[in-house]
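This report refers to the structure that appears directly beneath it.
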Amino acid sequence: MTEQYTPGPASGAKVQKDGEKWTLVLVRDLSHPPAKVWEAITEPEHLRAWAPFDADQSLGTVGTVKLSTVGAPKPLVSETQVKRADAPKLLEFNWGGQDIRWELEPLAAGGTRLTLWHNIDHRFIAMGAAGWHICFDVLDRLLAGRPVGRMVGPAAMQFEGWQRLHAEYAKQFGVETPSWS
């Protein structure tokens with residue numbers, strides 16, 4: 001089904017730098033209410049349709065959750081601490097040593113401004129931006145009832161739209177794209 005989807009240009013992303021700590025900040029306006037978006041970012045059955053990880057239980061409550069990276073050569077399972085879960089506004093957890101924060105802000109038209117903060121090694125920040133861009137597109141279509149199927153990990157990197165997005169975000173952030181041999 002992926003042939004029906006072409007990502008738009010790199011947009012809605014910036015990098016915050018604090019010494020060696022880099023944070024990717026992605027903002028996306030969705031035409032769905034915060035409660036619906038909250039369910040999509042916290043509930044395992046919804047995450048399986050769009051996110052780069054599977055969860056063994058809801059991310060909607062503070063505590064330990066096991067997240068499994070999808071599409072990795074070897075399944076990477078990490079115990080994740082959900083630090084804050086304030087439905088349907090704020091979700092914070094640590095995944096594989098990287099802090100992730102989701103903020104959902106209601107928009108006047110009934111939609112949601114979704115903001116993601118993700119600490120990523122600066123060498124991979126453009127890759128992260130491209131990956132999350134595609135995940136957000138897949139999420140938006142899923143919520144609209146027009147699923148295109150999950151695109152994550154190496155499979156997403158083979159997708160031509162990912163290569164273009166990676167290059168666009170690298171240029172935007174002023175980082176080099178790794179040369180793949």
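Here, A, B, ... name the chains of the structure tokens in the order displayed, residue numbers run from 1 inside each chain, and ligands are numbered from 1 in the same displayed order.
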Using only C-alpha atoms, find each residue in stretch 25-125 of chain A having at least one atom no more than 8 Å away from stretch 137-140 of chain A; report its shortest atom-to-atom pair and that distance in Å (one decimal), rows by chain then rising number, as a tab-separated table.
```
residue	atom	partner	partner_atom	distance
A:Leu30	CA	A:Asp140	CA	6.5
A:Ala40	CA	A:Leu139	CA	7.8
A:Ala49	CA	A:Leu139	CA	7.8
A:Trp50	CA	A:Leu139	CA	5.6
A:Ala51	CA	A:Leu139	CA	8.0
```
Go ahead and write the residues just picked, C-alpha atoms, as a PDB file, in the first residue's frame.
```pdb
ATOM      1  CA  LEU A  30      -3.458  16.936  13.234  1.00  0.00           C
ATOM      2  CA  ALA A  40      -2.888   6.501  19.285  1.00  0.00           C
ATOM      3  CA  ALA A  49      -0.039   0.533  13.254  1.00  0.00           C
ATOM      4  CA  TRP A  50       2.388   3.471  13.040  1.00  0.00           C
ATOM      5  CA  ALA A  51       5.153   3.722  15.694  1.00  0.00           C
TER       6      ALA A  51
END
```
- Selected residue of minimal separation from A:Ala129 among A:Glu176, A:Glu92, A:Glu105, A:Glu168, counting only C-alpha atoms: A:Glu168
- Write out as a PyMOL selection string all residues of stretch 7-153 of chain A that DSSP puts in strand (DSSP E) for this structure's backbone. chain A and resi 13-18+21-30+53-55+63-69+77-86+90-95+98-106+112-119
- Query: Residues of chain A in alpha helix (DSSP H) according to DSSP, as a VMD selection string?
  - Reply: chain A and resid 34 to 42 44 to 47 125 to 143 153 to 158 160 to 173
Give me the residues of stretch 105-171 of chain A that have any atom at most 12 Å from an atom of stretch 68-73 of chain A; for each, the nearest atom pair and the distance in Å, rounded to one decimal. Use only C-alpha atoms, sort by chain and number, and format it as JSON lines.
```
{"residue": "A:Arg150", "atom": "CA", "partner": "A:Val70", "partner_atom": "CA", "distance": 9.8}
{"residue": "A:Met151", "atom": "CA", "partner": "A:Gly71", "partner_atom": "CA", "distance": 9.1}
{"residue": "A:Val152", "atom": "CA", "partner": "A:Gly71", "partner_atom": "CA", "distance": 6.4}
{"residue": "A:Gly153", "atom": "CA", "partner": "A:Gly71", "partner_atom": "CA", "distance": 4.7}
{"residue": "A:Pro154", "atom": "CA", "partner": "A:Gly71", "partner_atom": "CA", "distance": 6.2}
{"residue": "A:Ala155", "atom": "CA", "partner": "A:Gly71", "partner_atom": "CA", "distance": 7.1}
{"residue": "A:Ala156", "atom": "CA", "partner": "A:Gly71", "partner_atom": "CA", "distance": 9.0}
{"residue": "A:Met157", "atom": "CA", "partner": "A:Gly71", "partner_atom": "CA", "distance": 10.5}
{"residue": "A:Gln158", "atom": "CA", "partner": "A:Gly71", "partner_atom": "CA", "distance": 11.9}
```
- Message: Given only C-alpha atoms as the basis, pick out the residue of A:Pro147, A:Gly8, A:Ser31, A:Gly60 nearest to A:Glu43.
- Response: A:Gly60
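Proximity to A:Trp102 was assessed for A:Pro88, A:Gly19, A:Pro75, A:Pro9 counting only C-alpha atoms; the smallest distance is recorded for A:Pro88.
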- For each of A:Val25, A:Ala167, A:Leu114, A:Leu104, take the minimum atom-to-atom distance to A:Ala130, counting only C-alpha atoms, then give the residue where this is smallest. A:Ala167
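Using only C-alpha atoms, the shortest contact distance between A:Lys21 and any of A:Arg101, A:Arg84, A:Gly174, A:Asn119 is found at A:Asn119.
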- Task: Fewer than 5 positions away in the same chain doesn't count, so skip those; otherwise give me all residues within 8 Å of A:Ser58, counting only C-alpha atoms, as a list in words.
- Result: Thr42, Glu43, Pro44 and Val65 of chain A
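One finds atom CA of A:Leu142 at 23.0 Å from atom CA of A:Asp86.
Using only C-alpha atoms for every distance, the candidate list A:Leu76, A:Ala108, A:Leu47, A:Ile134 yields A:Ile134 as the residue closest to A:Gly161.
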